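Worksheet for the structure shown next.
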Amino acid sequence: MKKIVLYTDGACSGNPGLGGWGSILMYNGKEKVLSGGEIETTNNRMELTAVIKGLQALKEICEVEVYSDSAYVVNAFLQGWINNWTKNGWKSSKGKVLNIDLWTELLKQVNKHSVSWHKVKGHADNENNNRCDSLARGEIEKLKLK
């Protein structure tokens, strides 16, 4: 099974507002860089989208190490929130879970692969996280010019 490293980040200008996401897939010294944006979105939606798009780009079942600065995304898996949400009909202690459309797509992608989750500190010294942040912010800038 191929071992892939996936770095992701999402950003928003206003929340909701213009949003962007960036993903970098790494395998055997090669990289695939992906990014995109949306006009009316939230930071959390962009964080989720970055991981989804990265996983969707895989053409076969892989072992994937996901690195993200989003506690929202990473902790959903590391702390078992996602299991509780699905068990409870997408309800949390605070009410209906937001972004169910993206969570269900992310689960679909995660279930295809063997995924491990790693929380990185945002806007710090992680070069690849910073590159993803730049990709996401670049997408926001493109949307501002439209």
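Order determines the names: the first chain of the structure tokens is A, the second B, and so forth; residues in each chain are numbered 1 upward, and ligands are numbered 1 upward as they are shown.
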Which residues come within 9 Å of Val74 (chain A), counting only C-alpha atoms, excluding same-chain residues fewer than 6 positions away, as number ranges by chain? A: 66-68, 117-119
Just write the chosen residues, C-alpha atoms, as a PDB file, in the first residue's frame.
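Generated output (out.pdb):
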ATOM      1  CA  VAL A  66      -2.966  13.879   7.274  1.00  0.00           C
ATOM      2  CA  TYR A  67      -1.343  16.982   8.759  1.00  0.00           C
ATOM      3  CA  SER A  68      -3.674  19.888   9.544  1.00  0.00           C
ATOM      4  CA  TRP A 117      -4.297  12.313  11.851  1.00  0.00           C
ATOM      5  CA  HIS A 118      -1.678  14.808  13.018  1.00  0.00           C
ATOM      6  CA  LYS A 119      -2.386  18.256  14.461  1.00  0.00           C
TER       7      LYS A 119
END
Pull the strand (DSSP E or B) assignments for chain A out of DSSP run on the backbone, and list those residues as a PyMOL selection string. chain A and resi 2-14+17-27+30-41+62-68+91-92+95-96+114-119
CA of Val115 (chain A) to CA of Asp133 (chain A), straight-line distance in Å: 21.6 Å
Output as number ranges by chain all residues of chain A that backbone DSSP marks as alpha helix (DSSP H). A: 43-56, 71-78, 81-87, 100-110, 127-145
Separating CA of Gly17 (chain A) from CA of Glu40 (chain A), to the nearest tenth of an Å, is a gap of 4.9 Å
Distance of CA of Gly37 (chain A) from CA of Val5 (chain A), expressed in Å to one decimal place: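 The value is 22.1 Å.
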Any idea what's packed within 9 Å of Asn28 (chain A), counting only C-alpha atoms, ignoring anything in its chain fewer than 2 positions away? Could you give it as a ChimeraX atom specification? /A:3-4,26,30-31
Find the spatial neighbours of region 57-64 of chain A, counting only C-alpha atoms, within a cut-off of 12 Å - ignore same-chain residues fewer than 2 positions away - and output them as a PyMOL selection string. chain A and resi 1-7+23-27+31-35+50-55+66-67+109-118
Please produce an output containing N, CA and C atoms for each residue in the selection, written as a compact mmCIF listing (two decimals), in the first residue's frame.
# COMPACT_ATOMS: atom_id res chain seq x y z
N MET A 1 0.85 -1.19 0.00
CA MET A 1 0.00 0.00 0.00
C MET A 1 0.89 1.25 0.00
N LYS A 2 0.59 2.18 -0.90
CA LYS A 2 1.37 3.42 -0.97
C LYS A 2 1.17 4.25 0.29
N LYS A 3 2.28 4.86 0.75
CA LYS A 3 2.21 5.75 1.91
C LYS A 3 2.26 7.19 1.41
N ILE A 4 1.22 7.93 1.72
CA ILE A 4 1.06 9.31 1.26
C ILE A 4 1.07 10.23 2.46
N VAL A 5 1.69 11.38 2.31
CA VAL A 5 1.59 12.44 3.32
C VAL A 5 0.74 13.55 2.70
N LEU A 6 -0.25 13.99 3.45
CA LEU A 6 -1.17 15.03 2.98
C LEU A 6 -1.17 16.19 3.97
N TYR A 7 -0.74 17.35 3.50
CA TYR A 7 -0.83 18.58 4.29
C TYR A 7 -2.01 19.38 3.77
N SER A 23 -3.99 21.99 -0.48
CA SER A 23 -3.57 20.64 -0.11
C SER A 23 -2.28 20.30 -0.85
N ILE A 24 -1.39 19.62 -0.16
CA ILE A 24 -0.17 19.12 -0.79
C ILE A 24 -0.07 17.63 -0.49
N LEU A 25 -0.09 16.83 -1.55
CA LEU A 25 0.09 15.38 -1.44
C LEU A 25 1.55 15.07 -1.73
N MET A 26 2.16 14.22 -0.91
CA MET A 26 3.57 13.86 -1.10
C MET A 26 3.70 12.35 -1.14
N TYR A 27 4.43 11.89 -2.17
CA TYR A 27 4.69 10.46 -2.31
C TYR A 27 6.02 10.27 -3.03
N GLU A 31 5.36 15.68 -5.44
CA GLU A 31 4.27 16.44 -4.84
C GLU A 31 3.16 16.70 -5.85
N LYS A 32 1.95 16.73 -5.34
CA LYS A 32 0.81 17.20 -6.12
C LYS A 32 0.19 18.31 -5.29
N VAL A 33 0.08 19.50 -5.87
CA VAL A 33 -0.43 20.67 -5.17
C VAL A 33 -1.83 20.98 -5.70
N LEU A 34 -2.78 21.13 -4.79
CA LEU A 34 -4.17 21.42 -5.14
C LEU A 34 -4.65 22.63 -4.36
N SER A 35 -5.54 23.41 -4.96
CA SER A 35 -6.14 24.53 -4.22
C SER A 35 -7.42 24.95 -4.91
N ALA A 50 -10.26 21.06 2.17
CA ALA A 50 -8.85 20.79 1.85
C ALA A 50 -8.51 19.32 2.04
N VAL A 51 -8.99 18.71 3.12
CA VAL A 51 -8.72 17.29 3.35
C VAL A 51 -9.47 16.44 2.34
N ILE A 52 -10.74 16.77 2.12
CA ILE A 52 -11.56 16.00 1.16
C ILE A 52 -10.91 16.00 -0.22
N LYS A 53 -10.53 17.18 -0.72
CA LYS A 53 -9.95 17.29 -2.07
C LYS A 53 -8.64 16.52 -2.16
N GLY A 54 -7.85 16.57 -1.10
CA GLY A 54 -6.60 15.81 -1.09
C GLY A 54 -6.86 14.32 -1.18
N LEU A 55 -7.80 13.81 -0.39
CA LEU A 55 -8.12 12.38 -0.41
C LEU A 55 -8.77 11.97 -1.73
N VAL A 66 -2.41 12.54 7.48
CA VAL A 66 -2.97 13.88 7.27
C VAL A 66 -2.41 14.82 8.34
N TYR A 67 -1.86 15.94 7.88
CA TYR A 67 -1.34 16.98 8.76
C TYR A 67 -2.19 18.23 8.55
N GLN A 109 -14.42 9.33 2.15
CA GLN A 109 -13.03 9.29 1.68
C GLN A 109 -12.12 8.59 2.69
N VAL A 110 -12.29 8.91 3.96
CA VAL A 110 -11.46 8.31 5.01
C VAL A 110 -11.65 6.80 5.04
N ASN A 111 -12.87 6.34 4.85
CA ASN A 111 -13.16 4.91 4.91
C ASN A 111 -12.56 4.12 3.75
N LYS A 112 -12.14 4.81 2.69
CA LYS A 112 -11.48 4.14 1.56
C LYS A 112 -10.02 3.83 1.86
N HIS A 113 -9.43 4.58 2.79
CA HIS A 113 -7.99 4.53 3.02
C HIS A 113 -7.69 4.20 4.48
N SER A 114 -6.42 4.05 4.77
CA SER A 114 -5.96 3.93 6.15
C SER A 114 -5.38 5.30 6.52
N VAL A 115 -6.12 6.06 7.32
CA VAL A 115 -5.76 7.46 7.59
C VAL A 115 -5.33 7.64 9.04
N SER A 116 -4.21 8.35 9.22
CA SER A 116 -3.80 8.78 10.56
C SER A 116 -3.79 10.31 10.57
N TRP A 117 -4.09 10.87 11.71
CA TRP A 117 -4.30 12.31 11.85
C TRP A 117 -3.22 12.94 12.72
N HIS A 118 -2.72 14.09 12.29
CA HIS A 118 -1.68 14.81 13.02
C HIS A 118 -2.03 16.29 13.08
Residues within 10 Å of Thr42 (chain A), only C-alpha atoms, excluding chain neighbours under 3 positions, as a VMD selection string: chain A and resid 10 to 20 38 to 39 45 to 47 99
Let's have the selection written as an mmCIF file, in the first residue's frame, with C-alpha atoms.
data_model
loop_
_atom_site.group_PDB
_atom_site.id
_atom_site.type_symbol
_atom_site.label_atom_id
_atom_site.label_comp_id
_atom_site.auth_asym_id
_atom_site.auth_seq_id
_atom_site.Cartn_x
_atom_site.Cartn_y
_atom_site.Cartn_z
ATOM 1 C CA GLY A 10 -8.189 26.366 4.845
ATOM 2 C CA ALA A 11 -8.662 30.102 5.236
ATOM 3 C CA CYS A 12 -11.441 32.640 5.156
ATOM 4 C CA SER A 13 -11.640 36.411 4.742
ATOM 5 C CA GLY A 14 -14.635 37.097 6.926
ATOM 6 C CA ASN A 15 -16.365 34.138 8.508
ATOM 7 C CA PRO A 16 -18.502 33.608 6.498
ATOM 8 C CA GLY A 17 -16.850 35.228 3.527
ATOM 9 C CA LEU A 18 -14.418 34.489 0.726
ATOM 10 C CA GLY A 19 -12.616 31.227 1.406
ATOM 11 C CA GLY A 20 -9.717 29.220 0.086
ATOM 12 C CA GLU A 38 -15.500 29.578 -2.629
ATOM 13 C CA ILE A 39 -17.273 32.919 -2.537
ATOM 14 C CA ARG A 45 -15.756 24.409 5.579
ATOM 15 C CA MET A 46 -12.468 25.276 3.884
ATOM 16 C CA GLU A 47 -10.469 23.173 6.376
ATOM 17 C CA ASN A 99 -21.252 20.978 7.781
#
The residue from A:Leu48, A:Leu78, A:Ala136, A:Leu143 with the smallest atom-to-atom distance to Thr104 (chain A), counting only C-alpha atoms, is A:Leu48
Pick from A:Glu127, A:Asp9, A:Leu135, A:Gln56 nearest to Val73 (chain A), counting only C-alpha atoms: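 Counting only C-alpha atoms, the residue closest to Val73 (chain A) is A:Asp9.
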